[in-house]
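Okay, data.pdb is below, PDB, C-alpha atoms:
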```pdb
ATOM      1  CA  MET A1499       0.000   0.000   0.000
ATOM      2  CA  ALA A1500       1.327   3.438  -0.967
ATOM      3  CA  THR A1501       2.021   5.975   1.730
ATOM      4  CA  ALA A1502       2.427   9.742   1.632
ATOM      5  CA  SER A1503       6.196   9.296   1.744
ATOM      6  CA  ASP A1504       6.113   7.331  -1.547
ATOM      7  CA  GLY A1505       5.472  10.569  -3.454
ATOM      8  CA  PRO A1506       2.815  11.234  -6.027
ATOM      9  CA  SER A1507       1.371   8.323  -7.974
ATOM     10  CA  SER A1508       1.834   8.090 -11.726
ATOM     11  CA  PHE A1509      -1.764   9.284 -12.162
ATOM     12  CA  ASP A1510      -1.009  12.361 -10.056
ATOM     13  CA  ARG A1511       2.093  13.089 -12.135
ATOM     14  CA  GLU A1512       0.159  12.771 -15.409
ATOM     15  CA  PHE A1513      -2.980  14.562 -14.223
ATOM     16  CA  ARG A1514      -2.269  18.015 -15.739
ATOM     17  CA  SER A1515      -1.590  16.732 -19.243
ATOM     18  CA  LEU A1516      -4.527  14.317 -19.090
ATOM     19  CA  TRP A1517      -6.803  17.108 -17.817
ATOM     20  CA  ALA A1518      -5.797  19.309 -20.767
ATOM     21  CA  VAL A1519      -6.723  16.561 -23.256
ATOM     22  CA  ALA A1520     -10.061  15.775 -21.608
ATOM     23  CA  TYR A1521     -11.025  19.420 -21.183
ATOM     24  CA  ARG A1522     -10.165  20.304 -24.802
ATOM     25  CA  VAL A1523     -12.354  17.495 -26.181
ATOM     26  CA  ALA A1524     -15.247  18.245 -23.837
ATOM     27  CA  GLU A1525     -15.140  21.992 -24.478
ATOM     28  CA  ARG A1526     -15.298  21.485 -28.237
ATOM     29  CA  LEU A1527     -18.324  19.234 -27.906
ATOM     30  CA  LEU A1528     -20.170  21.132 -25.189
ATOM     31  CA  ALA A1529     -19.134  24.764 -25.905
ATOM     32  CA  SER A1530     -19.433  25.556 -22.218
ATOM     33  CA  PRO A1531     -16.424  25.841 -19.925
ATOM     34  CA  ALA A1532     -18.429  24.734 -16.877
ATOM     35  CA  ASP A1533     -19.928  21.716 -18.651
ATOM     36  CA  ALA A1534     -16.517  20.876 -20.115
ATOM     37  CA  GLU A1535     -14.977  20.885 -16.635
ATOM     38  CA  ASP A1536     -17.706  18.535 -15.405
ATOM     39  CA  ALA A1537     -17.201  16.155 -18.332
ATOM     40  CA  ALA A1538     -13.400  16.228 -18.013
ATOM     41  CA  ALA A1539     -13.612  15.598 -14.267
ATOM     42  CA  GLU A1540     -15.960  12.642 -14.801
ATOM     43  CA  ALA A1541     -13.725  11.188 -17.514
ATOM     44  CA  LEU A1542     -10.631  11.529 -15.313
ATOM     45  CA  ALA A1543     -12.461   9.950 -12.387
ATOM     46  CA  ARG A1544     -13.241   6.980 -14.620
ATOM     47  CA  MET A1545      -9.634   6.898 -15.785
ATOM     48  CA  HIS A1546      -8.396   6.945 -12.186
ATOM     49  CA  ALA A1547     -10.667   4.000 -11.388
ATOM     50  CA  SER A1548      -9.180   2.119 -14.376
ATOM     51  CA  TRP A1549      -5.616   3.394 -13.954
ATOM     52  CA  ALA A1550      -4.093  -0.055 -13.429
ATOM     53  CA  LYS A1551      -5.487  -1.082 -16.816
ATOM     54  CA  VAL A1552      -4.483   2.048 -18.801
ATOM     55  CA  ASP A1553      -1.260   3.275 -17.142
ATOM     56  CA  GLY A1554       1.672   3.120 -19.511
ATOM     57  CA  ARG A1555      -0.383   1.902 -22.458
ATOM     58  CA  PRO A1556       0.228   3.597 -25.836
ATOM     59  CA  TRP A1557      -3.531   4.026 -26.298
ATOM     60  CA  ARG A1558      -4.045   5.749 -22.930
ATOM     61  CA  GLU A1559      -4.894   9.189 -24.358
ATOM     62  CA  ALA A1560      -7.139   7.683 -27.035
ATOM     63  CA  TRP A1561      -8.995   5.859 -24.241
ATOM     64  CA  LEU A1562      -9.389   9.153 -22.370
ATOM     65  CA  VAL A1563     -10.630  10.955 -25.508
ATOM     66  CA  ARG A1564     -13.217   8.242 -26.095
ATOM     67  CA  VAL A1565     -14.432   8.279 -22.476
ATOM     68  CA  THR A1566     -14.571  12.091 -22.468
ATOM     69  CA  THR A1567     -16.525  12.074 -25.732
ATOM     70  CA  ASN A1568     -18.998   9.563 -24.320
ATOM     71  CA  VAL A1569     -19.449  11.605 -21.139
ATOM     72  CA  ALA A1570     -19.999  14.793 -23.166
ATOM     73  CA  ILE A1571     -22.517  13.060 -25.442
ATOM     74  CA  ASP A1572     -24.379  11.803 -22.364
ATOM     75  CA  GLN A1573     -24.481  15.381 -21.036
ATOM     76  CA  ILE A1574     -25.866  16.619 -24.356
ATOM     77  CA  ARG A1575     -28.565  13.934 -24.332
ATOM     78  CA  ARG A1576     -29.641  14.897 -20.802
ATOM     79  CA  ARG A1577     -29.482  18.632 -21.474
ATOM     80  CA  ARG A1578     -32.698  20.452 -22.107
ATOM     81  CA  PRO A1579     -32.394  22.707 -25.132
ATOM     82  CA  ALA A1580     -31.821  26.355 -24.320
ATOM     83  CA  MET A1581     -35.006  28.255 -24.979
ATOM     84  CA  ALA A1582     -35.579  31.855 -25.882
ATOM     85  CA  TRP A1583     -39.003  33.265 -25.125
ATOM     86  CA  ALA A1584     -40.301  35.854 -27.564
ATOM     87  CA  PRO A1585     -43.838  36.970 -26.703
ATOM     88  CA  THR A1586     -46.135  37.641 -29.635
ATOM     89  CA  GLY A1587     -49.640  38.567 -28.690
ATOM     90  CA  ASP A1588     -51.106  36.358 -25.969
ATOM     91  CA  GLN A1589     -48.892  33.295 -26.501
ATOM     92  CA  PRO A1590     -45.086  33.132 -26.151
ATOM     93  CA  VAL A1591     -43.143  31.612 -29.042
ATOM     94  CA  VAL A1592     -40.345  29.214 -28.090
ATOM     95  CA  THR A1593     -37.304  28.835 -30.375
ATOM     96  CA  THR A1594     -34.355  26.513 -29.805
ATOM     97  CA  THR A1595     -30.971  28.162 -30.202
ATOM     98  CA  ASP A1596     -29.043  27.303 -33.348
ATOM     99  CA  ALA A1597     -25.939  26.281 -31.412
ATOM    100  CA  VAL A1598     -27.735  23.567 -29.452
ATOM    101  CA  ALA A1599     -29.453  22.229 -32.571
ATOM    102  CA  THR A1600     -26.163  22.148 -34.460
ATOM    103  CA  ARG A1601     -24.332  20.321 -31.655
ATOM    104  CA  MET A1602     -27.109  17.756 -31.290
ATOM    105  CA  ALA A1603     -27.050  17.165 -35.054
ATOM    106  CA  LEU A1604     -23.260  16.801 -34.977
ATOM    107  CA  VAL A1605     -23.471  14.201 -32.205
ATOM    108  CA  GLU A1606     -26.094  12.265 -34.194
ATOM    109  CA  ALA A1607     -24.025  12.503 -37.387
ATOM    110  CA  LEU A1608     -20.864  11.324 -35.588
ATOM    111  CA  ARG A1609     -22.789   8.342 -34.243
ATOM    112  CA  ARG A1610     -23.705   7.343 -37.809
ATOM    113  CA  LEU A1611     -20.093   7.260 -39.064
ATOM    114  CA  PRO A1612     -18.173   3.988 -39.234
ATOM    115  CA  ARG A1613     -16.078   3.416 -36.108
ATOM    116  CA  ARG A1614     -12.657   4.149 -37.641
ATOM    117  CA  GLN A1615     -13.875   7.349 -39.335
ATOM    118  CA  ARG A1616     -15.443   8.504 -36.053
ATOM    119  CA  GLU A1617     -12.189   7.802 -34.190
ATOM    120  CA  VAL A1618     -10.175   9.800 -36.724
ATOM    121  CA  VAL A1619     -12.592  12.754 -36.597
ATOM    122  CA  VAL A1620     -12.619  12.817 -32.802
ATOM    123  CA  LEU A1621      -8.840  12.568 -32.432
ATOM    124  CA  ARG A1622      -7.911  14.792 -35.388
ATOM    125  CA  HIS A1623     -10.608  17.465 -35.398
ATOM    126  CA  LEU A1624     -12.083  17.488 -31.888
ATOM    127  CA  ALA A1625      -8.994  16.674 -29.828
ATOM    128  CA  GLY A1626      -6.701  18.543 -32.227
ATOM    129  CA  TYR A1627      -4.003  15.884 -32.647
ATOM    130  CA  PRO A1628      -1.763  16.019 -35.740
ATOM    131  CA  GLU A1629      -2.204  13.277 -38.344
ATOM    132  CA  ALA A1630       0.989  11.479 -37.277
ATOM    133  CA  ALA A1631      -0.179  11.258 -33.648
ATOM    134  CA  VAL A1632      -3.610   9.982 -34.724
ATOM    135  CA  ALA A1633      -1.934   7.353 -36.913
ATOM    136  CA  GLU A1634       0.237   6.250 -34.001
ATOM    137  CA  GLN A1635      -2.696   6.073 -31.561
ATOM    138  CA  LEU A1636      -4.852   4.075 -33.999
ATOM    139  CA  ARG A1637      -1.901   2.001 -35.281
ATOM    140  CA  VAL A1638      -2.536   2.875 -38.931
ATOM    141  CA  SER A1639      -0.577   4.801 -41.554
ATOM    142  CA  VAL A1640      -0.776   8.582 -41.954
ATOM    143  CA  GLY A1641      -2.269   7.962 -45.410
ATOM    144  CA  SER A1642      -5.027   5.904 -43.801
ATOM    145  CA  VAL A1643      -5.748   8.739 -41.355
ATOM    146  CA  LYS A1644      -5.983  11.203 -44.261
ATOM    147  CA  ARG A1645      -8.272   8.873 -46.219
ATOM    148  CA  HIS A1646     -10.570   8.230 -43.226
ATOM    149  CA  SER A1647     -10.642  11.932 -42.396
ATOM    150  CA  HIS A1648     -11.536  12.917 -45.959
ATOM    151  CA  ARG A1649     -14.295  10.308 -46.184
ATOM    152  CA  ALA A1650     -15.625  11.132 -42.720
ATOM    153  CA  LEU A1651     -15.825  14.869 -43.383
ATOM    154  CA  ALA A1652     -17.616  14.254 -46.696
ATOM    155  CA  SER A1653     -20.060  11.921 -44.935
ATOM    156  CA  LEU A1654     -20.595  14.420 -42.111
ATOM    157  CA  ARG A1655     -21.473  17.164 -44.607
ATOM    158  CA  GLY A1656     -24.087  14.897 -46.189
ATOM    159  CA  LEU A1657     -25.423  13.672 -42.862
ATOM    160  CA  LEU A1658     -25.731  17.210 -41.508
ATOM    161  CA  ARG A1659     -27.619  18.259 -44.629
ATOM    162  CA  ASP A1660     -29.906  15.224 -44.164
ATOM    163  CA  LEU A1661     -30.455  16.301 -40.547
ATOM    164  CA  ASP A1662     -31.402  19.775 -41.858
ATOM    165  CA  VAL A1663     -28.299  21.518 -40.516
ATOM    166  CA  ASP A1664     -26.004  23.782 -42.512
ATOM    167  CA  PRO A1665     -22.559  22.101 -42.270
ATOM    168  CA  GLU A1666     -21.000  25.540 -41.909
ATOM    169  CA  GLY A1667     -22.527  25.813 -38.439
ATOM    170  CA  THR A1668     -26.022  27.290 -38.545
ATOM    171  CA  ALA A1669     -29.317  25.427 -38.327
ATOM    172  CA  SER A1670     -31.573  25.645 -41.376
TER     173      SER A1670
END
```
Spit out the file's structure as structure tokens when you get a sec.
Amino acid sequence: MATASDGPSSFDREFRSLWAVAYRVAERLLASPADAEDAAAEALARMHASWAKVDGRPWREAWLVRVTTNVAIDQIRRRRPAMAWAPTGDQPVVTTTDAVATRMALVEALRRLPRRQREVVVLRHLAGYPEAAVAEQLRVSVGSVKRHSHRALASLRGLLRDLDVDPEGTAS
């Protein structure tokens, strides 16, 4: 059993860099610093509980990105859409904000992608990793990452149009 004199655990030493990864992914999905902190904290709590399994593994950060993404998606599912009340006459009119609709559509579109394309999009475009790092994490070539990214982005554009969302970021 570790004691205080043993020094910080490997999780404690890695915490800052792992927090930065989890927070960056969550903030891009949730667009709210407070919600991103909650999602990152939950993901790191899950990682701490599984630390013996993931410590020192080459896929450790990919595991964290996936868990953080799942936590953020769960938060989005539970979230009630932000509403703006605009009274007209006797009855108020309720409109859902474009940002919430776009994020919900993006989550749905990501869910519809093949697994490898979804992994590439999350690591490359949501977590911000360079192509070489994504290739290393997924154990594929850089060319494969480029190919999956290209196909995934083309599919996402089509899926977002099908979900009635402008792929440039505004709801139709």
List, as a short mmCIF file (atom, residue, chain, number, x, y, z; two decimals) with C-alpha atoms, keeping the file's coordinate frame, every residue that the PyMOL selection byres ((chain A and resi 1630) around 12) selects in the file provided.
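See part_3.cif below for the written result:
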```
data_model
loop_
_atom_site.label_atom_id
_atom_site.label_comp_id
_atom_site.auth_asym_id
_atom_site.auth_seq_id
_atom_site.Cartn_x
_atom_site.Cartn_y
_atom_site.Cartn_z
CA VAL A 1618 -10.18 9.80 -36.72
CA LEU A 1621 -8.84 12.57 -32.43
CA ARG A 1622 -7.91 14.79 -35.39
CA GLY A 1626 -6.70 18.54 -32.23
CA TYR A 1627 -4.00 15.88 -32.65
CA PRO A 1628 -1.76 16.02 -35.74
CA GLU A 1629 -2.20 13.28 -38.34
CA ALA A 1631 -0.18 11.26 -33.65
CA VAL A 1632 -3.61 9.98 -34.72
CA ALA A 1633 -1.93 7.35 -36.91
CA GLU A 1634 0.24 6.25 -34.00
CA GLN A 1635 -2.70 6.07 -31.56
CA LEU A 1636 -4.85 4.08 -34.00
CA ARG A 1637 -1.90 2.00 -35.28
CA VAL A 1638 -2.54 2.88 -38.93
CA SER A 1639 -0.58 4.80 -41.55
CA VAL A 1640 -0.78 8.58 -41.95
CA GLY A 1641 -2.27 7.96 -45.41
CA SER A 1642 -5.03 5.90 -43.80
CA VAL A 1643 -5.75 8.74 -41.36
CA LYS A 1644 -5.98 11.20 -44.26
#
```
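Comparing the minimum interatomic distances between Ala1538 in chain A and each of A:Asp1510, A:Lys1551, A:His1623, A:Val1569, counting all atoms listed in the file, we find that A:Val1569 sits nearest.
For the pair CA of Ala1537 in chain A and CA of Met1602 in chain A, the interatomic distance is 16.4 Å.
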Selection in question (the file shown): the PyMOL selection byres ((chain A and resi 1513) around 12). Which residues does it include, as a ChimeraX atom specification? /A:1506-1512,1514-1521,1538-1539,1541-1543,1545-1546,1549,1553,1559,1562
At what distance in Å, to one decimal, does CA of Val1620 in chain A lie from CA of Leu1654 in chain A? 12.4 Å
For the atom pair CA of Pro1556 in chain A and CA of Ser1653 in chain A, what is the interatomic distance in Å to one decimal place? 29.1 Å
Give me the residues within 9 Å of Ala1570 in chain A as a tab-separated table (two decimals) with C-alpha atoms, in the coordinates of the input, counting only C-alpha atoms and dropping any in the same chain fewer than 5 places off.
```tsv
chain	number	residue	atom	x	y	z
A	1523	VAL	CA	-12.35	17.50	-26.18
A	1524	ALA	CA	-15.25	18.24	-23.84
A	1525	GLU	CA	-15.14	21.99	-24.48
A	1527	LEU	CA	-18.32	19.23	-27.91
A	1528	LEU	CA	-20.17	21.13	-25.19
A	1533	ASP	CA	-19.93	21.72	-18.65
A	1534	ALA	CA	-16.52	20.88	-20.11
A	1536	ASP	CA	-17.71	18.54	-15.40
A	1537	ALA	CA	-17.20	16.16	-18.33
A	1538	ALA	CA	-13.40	16.23	-18.01
A	1565	VAL	CA	-14.43	8.28	-22.48
A	1575	ARG	CA	-28.56	13.93	-24.33
```
Residue with smallest distance to Leu1608 in chain A - pool A:Arg1522, A:Ala1625, A:Leu1651, A:Val1563, counting all atoms listed in the file: A:Leu1651
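Remark: for Pro1612 in chain A, the closest of the candidate residues A:Ala1652, A:Ala1599, A:Leu1624, A:His1646 is A:His1646 (distances computed over only C-alpha atoms).
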